[in-house]
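Novice: The following block contains the structure, expressed as C-alpha coordinates.
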Amino acid sequence: MTPATLLRLAVAGTRADTLRIALTACGALLGTLALLAAATVLAIPTLHDPANPYGVGMAPYTNGLLREPGLRPGLAFALVMLSIPVLLFVGQCARLGAPARDRRLAAIRLAGATPRQGLAVAAAESGVATLVGTALGLLVYLVGRRLLDAPDAQNLRPLPTDVLPHWAALAGVVLGLPMIATLATTLLLRRVTVTPLGVVRRVRTGSPRPWPGMLIVLGIAAYALLAPAQLDAERHGSPLPAPVVAMVLFLGGLGAAIGVVGGTGWISYAVGGLLSRYARRPAALIAGRRLQADPWSGSRALAALLAAVLFAGGAAWVSSWFRTRQRVEAKSQHLVDLAAGQQDIVHPPNDFYLRTMQLVGYAVLVAGLIAAAGLAVTVASSVVERRRTLASLTASGVPRSVLGRAILWQTLSVAAPALVLAVGTGVALGRGLLQPTVVNDSSSITTCAPPPDKADVCDSTDPAERDPYTRIVTAPKVSEQVRIPWADLVVIGGWATGATTLVAGLGLVFLRASTAPEELRTT
(Lines give C-alpha, C1' and ligand atoms only; values in the text may rest on other atoms or scores of the structure.)
Protein backbone atom coordinates (compact mmCIF):
# COMPACT_ATOMS: atom_id res chain seq x y z
CA MET A 1 0.00 0.00 0.00
CA THR A 2 1.54 3.27 -1.14
CA PRO A 3 1.59 6.35 1.15
CA ALA A 4 -0.86 8.15 -1.16
CA THR A 5 -3.33 5.26 -0.94
CA LEU A 6 -2.90 5.07 2.81
CA LEU A 7 -3.59 8.80 3.13
CA ARG A 8 -6.66 8.60 0.88
CA LEU A 9 -8.13 5.69 2.84
CA ALA A 10 -7.36 7.42 6.16
CA VAL A 11 -9.42 10.54 5.35
CA ALA A 12 -12.25 8.78 3.52
CA GLY A 13 -15.52 7.89 5.22
CA THR A 14 -18.95 9.11 6.22
CA ARG A 15 -20.07 12.27 7.99
CA ALA A 16 -19.22 10.66 11.33
CA ASP A 17 -15.65 10.11 10.16
CA THR A 18 -15.43 13.71 8.96
CA LEU A 19 -16.77 14.96 12.30
CA ARG A 20 -14.27 12.80 14.18
CA ILE A 21 -11.36 14.15 12.14
CA ALA A 22 -12.59 17.74 12.59
CA LEU A 23 -12.96 17.43 16.38
CA THR A 24 -9.60 15.71 16.69
CA ALA A 25 -7.97 18.49 14.66
CA CYS A 26 -9.71 21.12 16.81
CA GLY A 27 -8.39 19.55 20.01
CA ALA A 28 -4.90 19.26 18.53
CA LEU A 29 -5.07 22.96 17.58
CA LEU A 30 -5.84 23.97 21.17
CA GLY A 31 -3.13 21.70 22.55
CA THR A 32 -0.61 23.12 20.06
CA LEU A 33 -1.42 26.68 21.11
CA ALA A 34 -0.92 25.81 24.79
CA LEU A 35 2.43 24.10 24.15
CA LEU A 36 3.66 26.87 21.82
CA ALA A 37 2.71 29.44 24.45
CA ALA A 38 4.78 27.51 27.02
CA ALA A 39 7.71 27.34 24.59
CA THR A 40 7.44 31.09 24.01
CA VAL A 41 7.54 31.84 27.73
CA LEU A 42 10.64 29.69 28.14
CA ALA A 43 12.27 31.40 25.15
CA ILE A 44 12.13 34.87 26.76
CA PRO A 45 15.78 35.87 27.25
CA THR A 46 17.08 36.66 30.71
CA LEU A 47 18.38 40.24 30.74
CA HIS A 48 21.52 41.17 32.67
CA ASP A 49 21.22 44.14 35.01
CA PRO A 50 24.32 45.06 37.08
CA ALA A 51 22.21 47.36 39.26
CA ASN A 52 20.06 44.45 40.42
CA PRO A 53 21.58 42.54 43.35
CA TYR A 54 20.50 39.30 41.67
CA GLY A 55 22.11 40.32 38.40
CA VAL A 56 18.95 39.97 36.28
CA GLY A 57 16.70 42.59 34.72
CA MET A 58 13.00 42.78 34.07
CA ALA A 59 11.73 41.82 30.64
CA PRO A 60 9.80 44.50 28.71
CA TYR A 61 6.26 43.25 29.43
CA THR A 62 3.32 44.63 31.37
CA ASN A 63 2.51 41.32 33.05
CA GLY A 64 4.55 40.53 36.15
CA LEU A 65 4.53 36.81 35.35
CA LEU A 66 6.46 37.55 32.17
CA ARG A 67 8.72 40.28 33.58
CA GLU A 68 10.28 38.28 36.42
CA PRO A 69 12.54 35.42 35.30
CA GLY A 70 11.81 33.34 38.40
CA LEU A 71 8.09 33.16 37.62
CA ARG A 72 8.33 32.12 33.98
CA PRO A 73 9.04 28.40 34.59
CA GLY A 74 5.90 28.18 36.74
CA LEU A 75 3.84 29.87 34.03
CA ALA A 76 5.22 27.50 31.39
CA PHE A 77 4.48 24.55 33.65
CA ALA A 78 0.87 25.70 34.07
CA LEU A 79 0.48 25.97 30.29
CA VAL A 80 1.87 22.46 29.82
CA MET A 81 -0.52 21.16 32.48
CA LEU A 82 -3.37 22.90 30.66
CA SER A 83 -2.57 20.90 27.53
CA ILE A 84 -3.18 17.56 29.30
CA PRO A 85 -7.02 17.85 29.40
CA VAL A 86 -6.90 19.07 25.80
CA LEU A 87 -4.94 16.01 24.69
CA LEU A 88 -7.32 13.75 26.59
CA PHE A 89 -10.14 15.47 24.70
CA VAL A 90 -8.35 14.52 21.47
CA GLY A 91 -8.32 10.90 22.62
CA GLN A 92 -12.04 11.02 23.36
CA CYS A 93 -12.83 12.51 19.94
CA ALA A 94 -10.87 9.70 18.28
CA ARG A 95 -13.54 7.23 19.45
CA LEU A 96 -16.45 9.09 17.84
CA GLY A 97 -18.19 7.03 15.18
CA ALA A 98 -16.16 3.90 15.98
CA PRO A 99 -18.77 1.41 14.56
CA ALA A 100 -18.79 3.13 11.16
CA ARG A 101 -14.99 3.16 11.14
CA ASP A 102 -14.97 -0.55 12.03
CA ARG A 103 -17.22 -1.34 9.07
CA ARG A 104 -14.97 0.71 6.78
CA LEU A 105 -11.86 -1.12 8.02
CA ALA A 106 -13.61 -4.44 7.48
CA ALA A 107 -14.45 -3.39 3.91
CA ILE A 108 -10.79 -2.55 3.34
CA ARG A 109 -9.84 -6.03 4.56
CA LEU A 110 -12.49 -7.57 2.32
CA ALA A 111 -10.92 -5.73 -0.63
CA GLY A 112 -7.62 -7.51 0.02
CA ALA A 113 -5.73 -5.47 2.61
CA THR A 114 -3.67 -7.28 5.24
CA PRO A 115 -4.47 -6.95 8.98
CA ARG A 116 -1.42 -4.73 9.45
CA GLN A 117 -2.53 -2.46 6.60
CA GLY A 118 -6.00 -2.18 8.11
CA LEU A 119 -4.56 -1.07 11.44
CA ALA A 120 -2.19 1.30 9.61
CA VAL A 121 -5.21 3.05 8.08
CA ALA A 122 -6.73 3.61 11.55
CA ALA A 123 -3.43 4.88 12.97
CA ALA A 124 -2.84 7.14 9.96
CA GLU A 125 -6.27 8.69 10.42
CA SER A 126 -5.40 9.85 13.94
CA GLY A 127 -1.98 11.05 12.82
CA VAL A 128 -3.33 13.00 9.84
CA ALA A 129 -6.12 14.62 11.90
CA THR A 130 -3.64 15.65 14.59
CA LEU A 131 -1.16 16.94 11.99
CA VAL A 132 -3.88 19.11 10.45
CA GLY A 133 -4.69 20.49 13.90
CA THR A 134 -1.04 21.20 14.80
CA ALA A 135 -0.43 22.88 11.43
CA LEU A 136 -3.48 25.10 11.93
CA GLY A 137 -2.32 25.78 15.50
CA LEU A 138 1.08 26.92 14.22
CA LEU A 139 -0.62 29.15 11.66
CA VAL A 140 -2.89 30.70 14.32
CA TYR A 141 0.14 31.20 16.58
CA LEU A 142 2.18 32.97 13.89
CA VAL A 143 -0.73 35.17 12.81
CA GLY A 144 -1.60 35.94 16.43
CA ARG A 145 1.95 37.13 17.08
CA ARG A 146 1.47 39.79 14.42
CA LEU A 147 -2.04 40.82 15.39
CA LEU A 148 -1.44 40.96 19.16
CA ASP A 149 1.90 42.76 19.01
CA ALA A 150 0.91 46.09 20.57
CA PRO A 151 3.72 47.83 22.51
CA ASP A 152 2.73 50.88 24.52
CA ALA A 153 4.48 54.22 24.85
CA GLN A 154 7.15 52.68 27.12
CA ASN A 155 7.67 49.85 24.58
CA LEU A 156 6.08 47.35 26.99
CA ARG A 157 4.03 44.51 25.54
CA PRO A 158 1.15 42.63 27.21
CA LEU A 159 2.30 39.35 25.62
CA PRO A 160 5.73 38.09 24.50
CA THR A 161 4.92 38.66 20.82
CA ASP A 162 8.50 39.80 20.18
CA VAL A 163 9.89 36.35 21.07
CA LEU A 164 9.86 33.32 18.78
CA PRO A 165 10.89 29.90 20.12
CA HIS A 166 13.72 28.02 18.47
CA TRP A 167 12.77 26.23 15.28
CA ALA A 168 13.50 22.89 16.96
CA ALA A 169 10.87 23.64 19.63
CA LEU A 170 8.32 24.60 16.96
CA ALA A 171 9.04 21.47 14.96
CA GLY A 172 8.94 19.33 18.09
CA VAL A 173 5.43 20.53 18.96
CA VAL A 174 3.99 20.51 15.43
CA LEU A 175 5.44 17.11 14.49
CA GLY A 176 5.66 15.55 17.92
CA LEU A 177 1.94 15.57 18.68
CA PRO A 178 0.98 13.71 15.45
CA MET A 179 3.70 11.15 16.14
CA ILE A 180 2.41 10.66 19.69
CA ALA A 181 -1.16 10.33 18.39
CA THR A 182 -0.10 7.73 15.81
CA LEU A 183 1.91 5.73 18.35
CA ALA A 184 -0.91 5.93 20.92
CA THR A 185 -3.45 4.69 18.36
CA THR A 186 -1.15 1.84 17.39
CA LEU A 187 -0.71 0.92 21.05
CA LEU A 188 -4.45 1.02 21.72
CA LEU A 189 -5.15 -1.14 18.66
CA ARG A 190 -2.88 -3.94 19.85
CA ARG A 191 -5.99 -5.78 21.11
CA VAL A 192 -7.91 -5.23 17.87
CA THR A 193 -8.07 -7.66 14.94
CA VAL A 194 -9.47 -6.35 11.66
CA THR A 195 -11.15 -9.15 9.68
CA PRO A 196 -13.18 -9.04 6.43
CA LEU A 197 -16.29 -9.76 8.51
CA GLY A 198 -15.75 -7.04 11.12
CA VAL A 199 -13.47 -5.73 13.81
CA VAL A 200 -12.83 -8.01 16.76
CA ARG A 201 -11.63 -6.57 20.05
CA ARG A 202 -9.99 -8.77 22.64
CA VAL A 203 -11.56 -7.34 25.78
CA ARG A 204 -10.21 -7.73 29.28
CA THR A 205 -11.66 -10.72 31.04
CA GLY A 206 -10.65 -9.88 34.59
CA SER A 207 -12.18 -7.21 36.79
CA PRO A 208 -10.27 -3.94 37.29
CA ARG A 209 -7.91 -3.68 40.24
CA PRO A 210 -7.19 -0.62 42.40
CA TRP A 211 -3.50 -0.67 41.45
CA PRO A 212 -3.66 2.73 39.68
CA GLY A 213 -3.95 4.19 43.16
CA MET A 214 -0.21 3.58 43.50
CA LEU A 215 0.39 6.22 40.83
CA ILE A 216 -1.58 8.69 42.94
CA VAL A 217 0.58 7.88 45.97
CA LEU A 218 3.78 8.20 43.95
CA GLY A 219 2.68 11.55 42.49
CA ILE A 220 1.84 12.97 45.91
CA ALA A 221 5.11 11.62 47.34
CA ALA A 222 7.09 13.27 44.51
CA TYR A 223 5.49 16.64 45.27
CA ALA A 224 5.97 16.23 49.02
CA LEU A 225 9.65 15.28 48.73
CA LEU A 226 10.56 18.00 46.23
CA ALA A 227 10.82 20.86 48.75
CA PRO A 228 13.04 18.90 51.24
CA ALA A 229 15.22 17.76 48.34
CA GLN A 230 15.66 21.36 47.20
CA LEU A 231 16.60 22.50 50.72
CA ASP A 232 19.09 19.67 51.11
CA ALA A 233 20.64 20.41 47.72
CA GLU A 234 20.97 24.12 48.54
CA ARG A 235 22.52 23.22 51.89
CA HIS A 236 25.22 21.28 50.05
CA GLY A 237 25.80 24.15 47.62
CA SER A 238 24.35 22.50 44.51
CA PRO A 239 20.68 23.45 43.99
CA LEU A 240 18.49 21.25 41.82
CA PRO A 241 18.48 22.31 38.15
CA ALA A 242 15.27 23.93 36.95
CA PRO A 243 14.67 21.23 34.27
CA VAL A 244 14.83 18.53 36.95
CA VAL A 245 12.29 20.36 39.11
CA ALA A 246 10.00 20.89 36.11
CA MET A 247 10.29 17.22 35.14
CA VAL A 248 9.43 16.06 38.66
CA LEU A 249 6.40 18.36 38.78
CA PHE A 250 5.21 17.27 35.35
CA LEU A 251 5.69 13.55 35.88
CA GLY A 252 4.22 13.68 39.38
CA GLY A 253 1.12 15.55 38.20
CA LEU A 254 0.74 13.35 35.12
CA GLY A 255 1.15 10.19 37.17
CA ALA A 256 -1.49 11.31 39.67
CA ALA A 257 -3.86 12.20 36.82
CA ILE A 258 -3.34 8.81 35.18
CA GLY A 259 -3.90 7.15 38.55
CA VAL A 260 -7.21 8.97 39.04
CA VAL A 261 -8.39 8.16 35.52
CA GLY A 262 -7.23 4.54 35.77
CA GLY A 263 -8.76 4.14 39.22
CA THR A 264 -12.12 5.19 37.81
CA GLY A 265 -12.31 1.78 36.12
CA TRP A 266 -12.17 0.07 39.50
CA ILE A 267 -14.71 2.57 40.87
CA SER A 268 -17.03 1.77 37.95
CA TYR A 269 -16.80 -1.96 38.57
CA ALA A 270 -17.36 -1.56 42.31
CA VAL A 271 -20.34 0.77 41.83
CA GLY A 272 -21.77 -1.59 39.22
CA GLY A 273 -21.53 -4.48 41.67
CA LEU A 274 -23.29 -2.48 44.38
CA LEU A 275 -26.10 -1.45 42.01
CA SER A 276 -26.53 -4.98 40.71
CA ARG A 277 -26.77 -6.33 44.24
CA TYR A 278 -28.82 -3.73 46.08
CA ALA A 279 -30.77 -1.77 43.44
CA ARG A 280 -34.47 -2.49 43.06
CA ARG A 281 -35.37 -0.24 40.13
CA PRO A 282 -34.93 -1.34 36.51
CA ALA A 283 -32.89 1.73 35.54
CA ALA A 284 -30.33 1.21 38.32
CA LEU A 285 -30.13 -2.52 37.57
CA ILE A 286 -29.47 -1.89 33.88
CA ALA A 287 -26.82 0.69 34.77
CA GLY A 288 -25.16 -1.68 37.24
CA ARG A 289 -24.92 -4.53 34.74
CA ARG A 290 -23.63 -2.14 32.09
CA LEU A 291 -20.91 -0.83 34.43
CA GLN A 292 -19.80 -4.34 35.25
CA ALA A 293 -19.79 -5.35 31.59
CA ASP A 294 -17.64 -2.35 30.56
CA PRO A 295 -16.10 -0.76 33.67
CA TRP A 296 -13.56 1.20 31.61
CA SER A 297 -16.23 3.26 29.86
CA GLY A 298 -16.39 5.60 32.86
CA SER A 299 -12.66 6.28 32.84
CA ARG A 300 -12.72 6.92 29.11
CA ALA A 301 -15.67 9.29 29.34
CA LEU A 302 -14.47 11.23 32.39
CA ALA A 303 -10.74 11.30 31.62
CA ALA A 304 -10.41 14.94 30.56
CA LEU A 305 -12.91 16.19 33.15
CA LEU A 306 -11.13 14.38 35.99
CA ALA A 307 -7.78 15.85 34.91
CA ALA A 308 -9.25 19.35 34.88
CA VAL A 309 -10.88 18.87 38.30
CA LEU A 310 -7.61 17.51 39.74
CA PHE A 311 -5.69 20.60 38.68
CA ALA A 312 -8.55 22.81 39.87
CA GLY A 313 -8.30 21.24 43.34
CA GLY A 314 -4.55 21.85 43.40
CA ALA A 315 -5.03 25.46 42.27
CA ALA A 316 -7.61 25.99 45.04
CA TRP A 317 -5.11 24.85 47.68
CA VAL A 318 -2.35 27.07 46.24
CA SER A 319 -4.75 30.05 46.28
CA SER A 320 -5.58 29.33 49.92
CA TRP A 321 -1.84 29.16 50.67
CA PHE A 322 -1.25 32.59 49.12
CA ARG A 323 -4.21 34.07 51.01
CA THR A 324 -2.75 32.70 54.24
CA ARG A 325 0.64 34.11 53.35
CA GLN A 326 -0.94 37.52 52.77
CA ARG A 327 -2.58 37.44 56.19
CA VAL A 328 0.65 36.35 57.88
CA GLU A 329 2.61 39.17 56.24
CA ALA A 330 -0.06 41.68 57.28
CA LYS A 331 0.03 40.45 60.89
CA SER A 332 3.83 40.57 60.98
CA GLN A 333 3.89 44.10 59.59
CA HIS A 334 1.23 45.15 62.09
CA LEU A 335 3.32 43.84 64.98
CA VAL A 336 6.37 45.69 63.67
CA ASP A 337 4.37 48.92 63.47
CA LEU A 338 3.10 48.45 67.03
CA ALA A 339 6.61 47.86 68.35
CA ALA A 340 7.86 50.93 66.52
CA GLY A 341 4.97 53.06 67.79
CA GLN A 342 3.61 53.58 64.28
CA GLN A 343 0.00 52.41 64.59
CA ASP A 344 -1.64 54.53 61.93
CA ILE A 345 0.34 53.33 58.91
CA VAL A 346 -1.75 51.49 56.30
CA HIS A 347 0.17 49.04 54.12
CA PRO A 348 -1.54 48.00 50.90
CA PRO A 349 -1.68 44.19 50.57
CA ASN A 350 0.51 42.47 48.03
CA ASP A 351 -2.08 40.66 45.93
CA PHE A 352 0.17 39.91 42.96
CA TYR A 353 0.12 36.16 43.54
CA LEU A 354 -3.63 36.14 44.17
CA ARG A 355 -4.19 37.87 40.84
CA THR A 356 -1.91 35.28 39.28
CA MET A 357 -3.98 32.46 40.75
CA GLN A 358 -7.09 34.10 39.30
CA LEU A 359 -5.49 33.74 35.87
CA VAL A 360 -4.77 30.10 36.69
CA GLY A 361 -8.41 29.70 37.66
CA TYR A 362 -9.51 31.05 34.29
CA ALA A 363 -7.18 28.60 32.56
CA VAL A 364 -8.63 25.73 34.60
CA LEU A 365 -12.13 26.89 33.65
CA VAL A 366 -11.19 26.74 29.97
CA ALA A 367 -9.78 23.25 30.51
CA GLY A 368 -13.01 22.26 32.25
CA LEU A 369 -15.12 23.51 29.36
CA ILE A 370 -12.98 21.53 26.93
CA ALA A 371 -13.29 18.49 29.17
CA ALA A 372 -17.09 18.88 29.30
CA ALA A 373 -17.12 18.99 25.51
CA GLY A 374 -15.13 15.76 25.44
CA LEU A 375 -17.56 14.17 27.87
CA ALA A 376 -20.47 15.19 25.63
CA VAL A 377 -18.76 13.58 22.65
CA THR A 378 -18.15 10.37 24.59
CA VAL A 379 -21.70 10.10 25.98
CA ALA A 380 -23.27 10.75 22.59
CA SER A 381 -20.90 8.28 20.94
CA SER A 382 -21.66 5.56 23.53
CA VAL A 383 -25.41 5.94 22.99
CA VAL A 384 -25.00 5.69 19.22
CA GLU A 385 -22.63 2.71 19.49
CA ARG A 386 -25.15 0.75 21.61
CA ARG A 387 -28.14 1.58 19.45
CA ARG A 388 -28.78 -2.09 18.56
CA THR A 389 -28.82 -3.10 22.23
CA LEU A 390 -31.00 -0.14 23.16
CA ALA A 391 -33.38 -0.90 20.28
CA SER A 392 -33.61 -4.52 21.45
CA LEU A 393 -34.50 -3.42 24.98
CA THR A 394 -37.14 -1.05 23.63
CA ALA A 395 -38.59 -3.76 21.39
CA SER A 396 -38.81 -6.12 24.37
CA GLY A 397 -40.94 -3.62 26.29
CA VAL A 398 -38.47 -1.43 28.23
CA PRO A 399 -39.72 2.20 28.16
CA ARG A 400 -37.39 4.87 26.83
CA SER A 401 -37.72 6.74 30.11
CA VAL A 402 -36.17 3.78 31.94
CA LEU A 403 -33.29 3.68 29.46
CA GLY A 404 -32.80 7.42 29.92
CA ARG A 405 -32.62 7.05 33.70
CA ALA A 406 -30.22 4.13 33.24
CA ILE A 407 -27.86 6.38 31.25
CA LEU A 408 -28.02 8.99 34.02
CA TRP A 409 -27.35 6.33 36.67
CA GLN A 410 -24.42 4.97 34.67
CA THR A 411 -22.84 8.41 34.30
CA LEU A 412 -23.50 10.04 37.68
CA SER A 413 -22.96 7.03 39.94
CA VAL A 414 -19.36 6.83 38.69
CA ALA A 415 -18.79 10.57 38.30
CA ALA A 416 -19.60 11.44 41.93
CA PRO A 417 -16.91 9.31 43.66
CA ALA A 418 -14.42 9.87 40.83
CA LEU A 419 -14.76 13.66 41.14
CA VAL A 420 -14.27 13.45 44.91
CA LEU A 421 -11.11 11.40 44.32
CA ALA A 422 -9.85 13.92 41.74
CA VAL A 423 -10.47 16.93 43.99
CA GLY A 424 -8.85 15.20 46.97
CA THR A 425 -5.81 14.21 44.90
CA GLY A 426 -5.42 17.79 43.65
CA VAL A 427 -5.53 19.15 47.20
CA ALA A 428 -3.01 16.52 48.32
CA LEU A 429 -0.64 17.50 45.50
CA GLY A 430 -0.90 21.17 46.44
CA ARG A 431 -0.44 20.36 50.12
CA GLY A 432 2.67 18.34 49.31
CA LEU A 433 4.13 21.10 47.14
CA LEU A 434 3.41 23.96 49.61
CA GLN A 435 3.65 23.23 53.32
CA PRO A 436 0.39 23.45 55.32
CA THR A 437 1.87 26.05 57.67
CA VAL A 438 2.96 29.52 56.56
CA VAL A 439 5.68 30.96 58.79
CA ASN A 440 7.06 34.49 58.73
CA ASP A 441 10.26 34.65 60.76
CA SER A 442 10.86 37.41 63.27
CA SER A 443 11.53 40.68 61.48
CA SER A 444 13.47 43.72 62.59
CA ILE A 445 13.42 47.36 61.56
CA THR A 446 15.55 50.31 62.57
CA THR A 447 13.65 53.32 63.88
CA CYS A 448 14.80 56.81 64.73
CA ALA A 449 12.88 58.68 67.48
CA PRO A 450 14.62 62.00 68.37
CA PRO A 451 13.03 64.71 70.54
CA PRO A 452 10.93 67.37 68.76
CA ASP A 453 13.68 69.94 68.84
CA LYS A 454 16.01 67.57 66.95
CA ALA A 455 13.57 66.19 64.39
CA ASP A 456 16.03 66.54 61.53
CA VAL A 457 18.76 64.46 63.18
CA CYS A 458 17.44 61.29 61.52
CA ASP A 459 18.44 62.72 58.13
CA SER A 460 21.96 63.41 59.28
CA THR A 461 24.81 61.59 57.56
CA ASP A 462 26.87 61.65 60.75
CA PRO A 463 26.38 58.38 62.68
CA ALA A 464 27.50 60.06 65.92
CA GLU A 465 24.47 62.38 65.78
CA ARG A 466 21.99 59.78 64.54
CA ASP A 467 22.89 56.65 66.57
CA PRO A 468 21.82 57.91 70.05
CA TYR A 469 18.23 58.11 68.85
CA THR A 470 18.26 54.94 66.75
CA ARG A 471 16.97 51.61 68.00
CA ILE A 472 16.21 48.22 66.47
CA VAL A 473 12.65 46.96 66.89
CA THR A 474 12.06 43.21 66.55
CA ALA A 475 8.64 41.66 65.93
CA PRO A 476 7.92 38.04 66.93
CA LYS A 477 7.54 35.19 64.47
CA VAL A 478 4.06 34.74 63.01
CA SER A 479 2.66 31.44 61.72
CA GLU A 480 -0.74 30.26 60.57
CA GLN A 481 -2.19 26.99 59.31
CA VAL A 482 -3.43 26.97 55.73
CA ARG A 483 -7.17 26.42 55.71
CA ILE A 484 -8.70 23.84 53.42
CA PRO A 485 -10.63 25.91 50.83
CA TRP A 486 -13.94 24.13 51.34
CA ALA A 487 -15.94 26.84 49.55
CA ASP A 488 -13.73 26.66 46.46
CA LEU A 489 -13.79 22.86 46.49
CA VAL A 490 -17.58 22.78 46.76
CA VAL A 491 -17.80 25.16 43.80
CA ILE A 492 -15.42 22.99 41.78
CA GLY A 493 -17.28 19.78 42.65
CA GLY A 494 -20.67 21.37 42.06
CA TRP A 495 -19.61 22.77 38.70
CA ALA A 496 -18.17 19.42 37.57
CA THR A 497 -21.23 17.50 38.77
CA GLY A 498 -23.57 19.97 37.09
CA ALA A 499 -21.61 19.77 33.84
CA THR A 500 -21.71 15.96 34.00
CA THR A 501 -25.47 15.97 34.62
CA LEU A 502 -26.07 18.44 31.78
CA VAL A 503 -23.92 16.45 29.37
CA ALA A 504 -25.63 13.19 30.35
CA GLY A 505 -28.96 14.90 29.73
CA LEU A 506 -27.79 16.04 26.32
CA GLY A 507 -26.90 12.44 25.53
CA LEU A 508 -30.55 11.56 25.93
CA VAL A 509 -31.24 13.58 22.77
CA PHE A 510 -29.75 10.71 20.77
CA LEU A 511 -31.76 8.10 22.66
CA ARG A 512 -34.97 8.30 20.61
CA ALA A 513 -33.15 7.92 17.30
CA SER A 514 -31.01 5.09 18.70
CA THR A 515 -34.01 3.09 19.98
CA ALA A 516 -35.97 3.08 16.71
CA PRO A 517 -37.02 -0.44 15.58
CA GLU A 518 -35.01 0.02 12.37
CA GLU A 519 -31.81 -0.05 14.45
CA LEU A 520 -32.35 -3.79 15.08
CA ARG A 521 -30.93 -4.37 11.61
CA THR A 522 -27.74 -2.45 12.40
CA THR A 523 -24.61 -4.55 12.03
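Identifiers in the C-alpha coordinates: chain A, B, ... in order shown; residue index from 1 per chain; ligand index from 1 in order shown.
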Quick one: which region 52-139 of chain A residues come within 6 Å of region 300-304 of chain A, and what is the nearest atom pair for each with the distance in Å to one decimal, counting only C-alpha atoms, rows ordered by chain and ascending number, as a tab-separated table?
Specialist:
residue	atom	partner	partner_atom	distance
A:Pro85	CA	A:Ala304	CA	4.6
A:Leu88	CA	A:Ala304	CA	5.2
A:Phe89	CA	A:Ala304	CA	5.9
Novice: Tell me which of A:Ala371, A:Ala227, A:Val260, A:Ala34 sits closest to Thr500 (chain A), counting only C-alpha atoms.
Specialist: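 Among A:Ala371, A:Ala227, A:Val260, A:Ala34, it is A:Ala371 that comes nearest to Thr500 (chain A).
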Novice: Excluding Ile370 (chain A) and any residue of its chain fewer than 3 positions from it, enumerate the residues within 12 Å of it, using only C-alpha atoms, and give them as a ChimeraX atom specification.
Specialist: /A:23,26-28,30-31,82-90,92-93,302-309,363-367,373-377,499
Novice: Quick one: of A:Leu6, A:Ala287, A:Val80, A:Ala37, who's nearest to Leu275 (chain A), counting only C-alpha atoms?
Specialist: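 That would be A:Ala287, the residue with the smallest distance to Leu275 (chain A).
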Novice: Could you jot down the CA of Gln410 (chain A) to CA of Ala496 (chain A) separation for me, Å, one decimal place?
Specialist: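 For CA of Gln410 (chain A) relative to CA of Ala496 (chain A), the distance reads 16.0 Å.
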Novice: Nearest residue to Leu291 (chain A) out of A:Gly314, A:Phe322, A:Arg104, A:Leu274, using only C-alpha atoms?
Specialist: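 Among the listed residues, A:Leu274 lies closest to Leu291 (chain A).
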Novice: Just the residues within 9 Å of Arg483 (chain A), please, counting only C-alpha atoms, with nothing from its chain fewer than 6 positions along; format it as JSON, numbers by chain.
Specialist: {"A": [317, 320, 321, 324, 436]}
Novice: Can you spit out the residues from that selection as a PDB file, in the first residue's frame, using N, CA and C atoms?
Specialist:
ATOM      1  N   TRP A 317      -5.986  24.894  46.513  1.00  0.00           N
ATOM      2  CA  TRP A 317      -5.107  24.848  47.684  1.00  0.00           C
ATOM      3  C   TRP A 317      -4.005  25.903  47.589  1.00  0.00           C
ATOM      4  N   SER A 320      -5.402  29.220  48.480  1.00  0.00           N
ATOM      5  CA  SER A 320      -5.576  29.333  49.919  1.00  0.00           C
ATOM      6  C   SER A 320      -4.235  29.581  50.613  1.00  0.00           C
ATOM      7  N   TRP A 321      -3.175  28.952  50.098  1.00  0.00           N
ATOM      8  CA  TRP A 321      -1.843  29.159  50.673  1.00  0.00           C
ATOM      9  C   TRP A 321      -1.415  30.613  50.513  1.00  0.00           C
ATOM     10  N   THR A 324      -3.314  32.823  52.892  1.00  0.00           N
ATOM     11  CA  THR A 324      -2.752  32.697  54.239  1.00  0.00           C
ATOM     12  C   THR A 324      -1.445  33.462  54.358  1.00  0.00           C
ATOM     13  N   PRO A 436       1.683  23.008  54.776  1.00  0.00           N
ATOM     14  CA  PRO A 436       0.392  23.445  55.317  1.00  0.00           C
ATOM     15  C   PRO A 436       0.496  24.554  56.360  1.00  0.00           C
TER      16      PRO A 436
END
Novice: Of the candidates A:Ala316, A:Val482, A:Met179, A:Ala78, which one gets nearest to Ala124 (chain A) if we count only C-alpha atoms?
Specialist: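 When distances to Ala124 (chain A) are compared using only C-alpha atoms, the smallest one comes from A:Met179.
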Novice: Have a look at CA of Pro476 (chain A) and CA of Pro228 (chain A) and let me know their distance in Å, one decimal.
Specialist: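 Separation between CA of Pro476 (chain A) and CA of Pro228 (chain A): 25.3 Å.
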Novice: Please identify all polymer residues within 10 Å of Ser207 (chain A), counting only C-alpha atoms, omitting same-chain residues fewer than 6 positions from it, and present them as a list in words.
Specialist: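 Selected residues are Gly265, Trp266, Tyr269, Ala270, Gln292, Ala293, Asp294, Pro295 and Trp296 of chain A.
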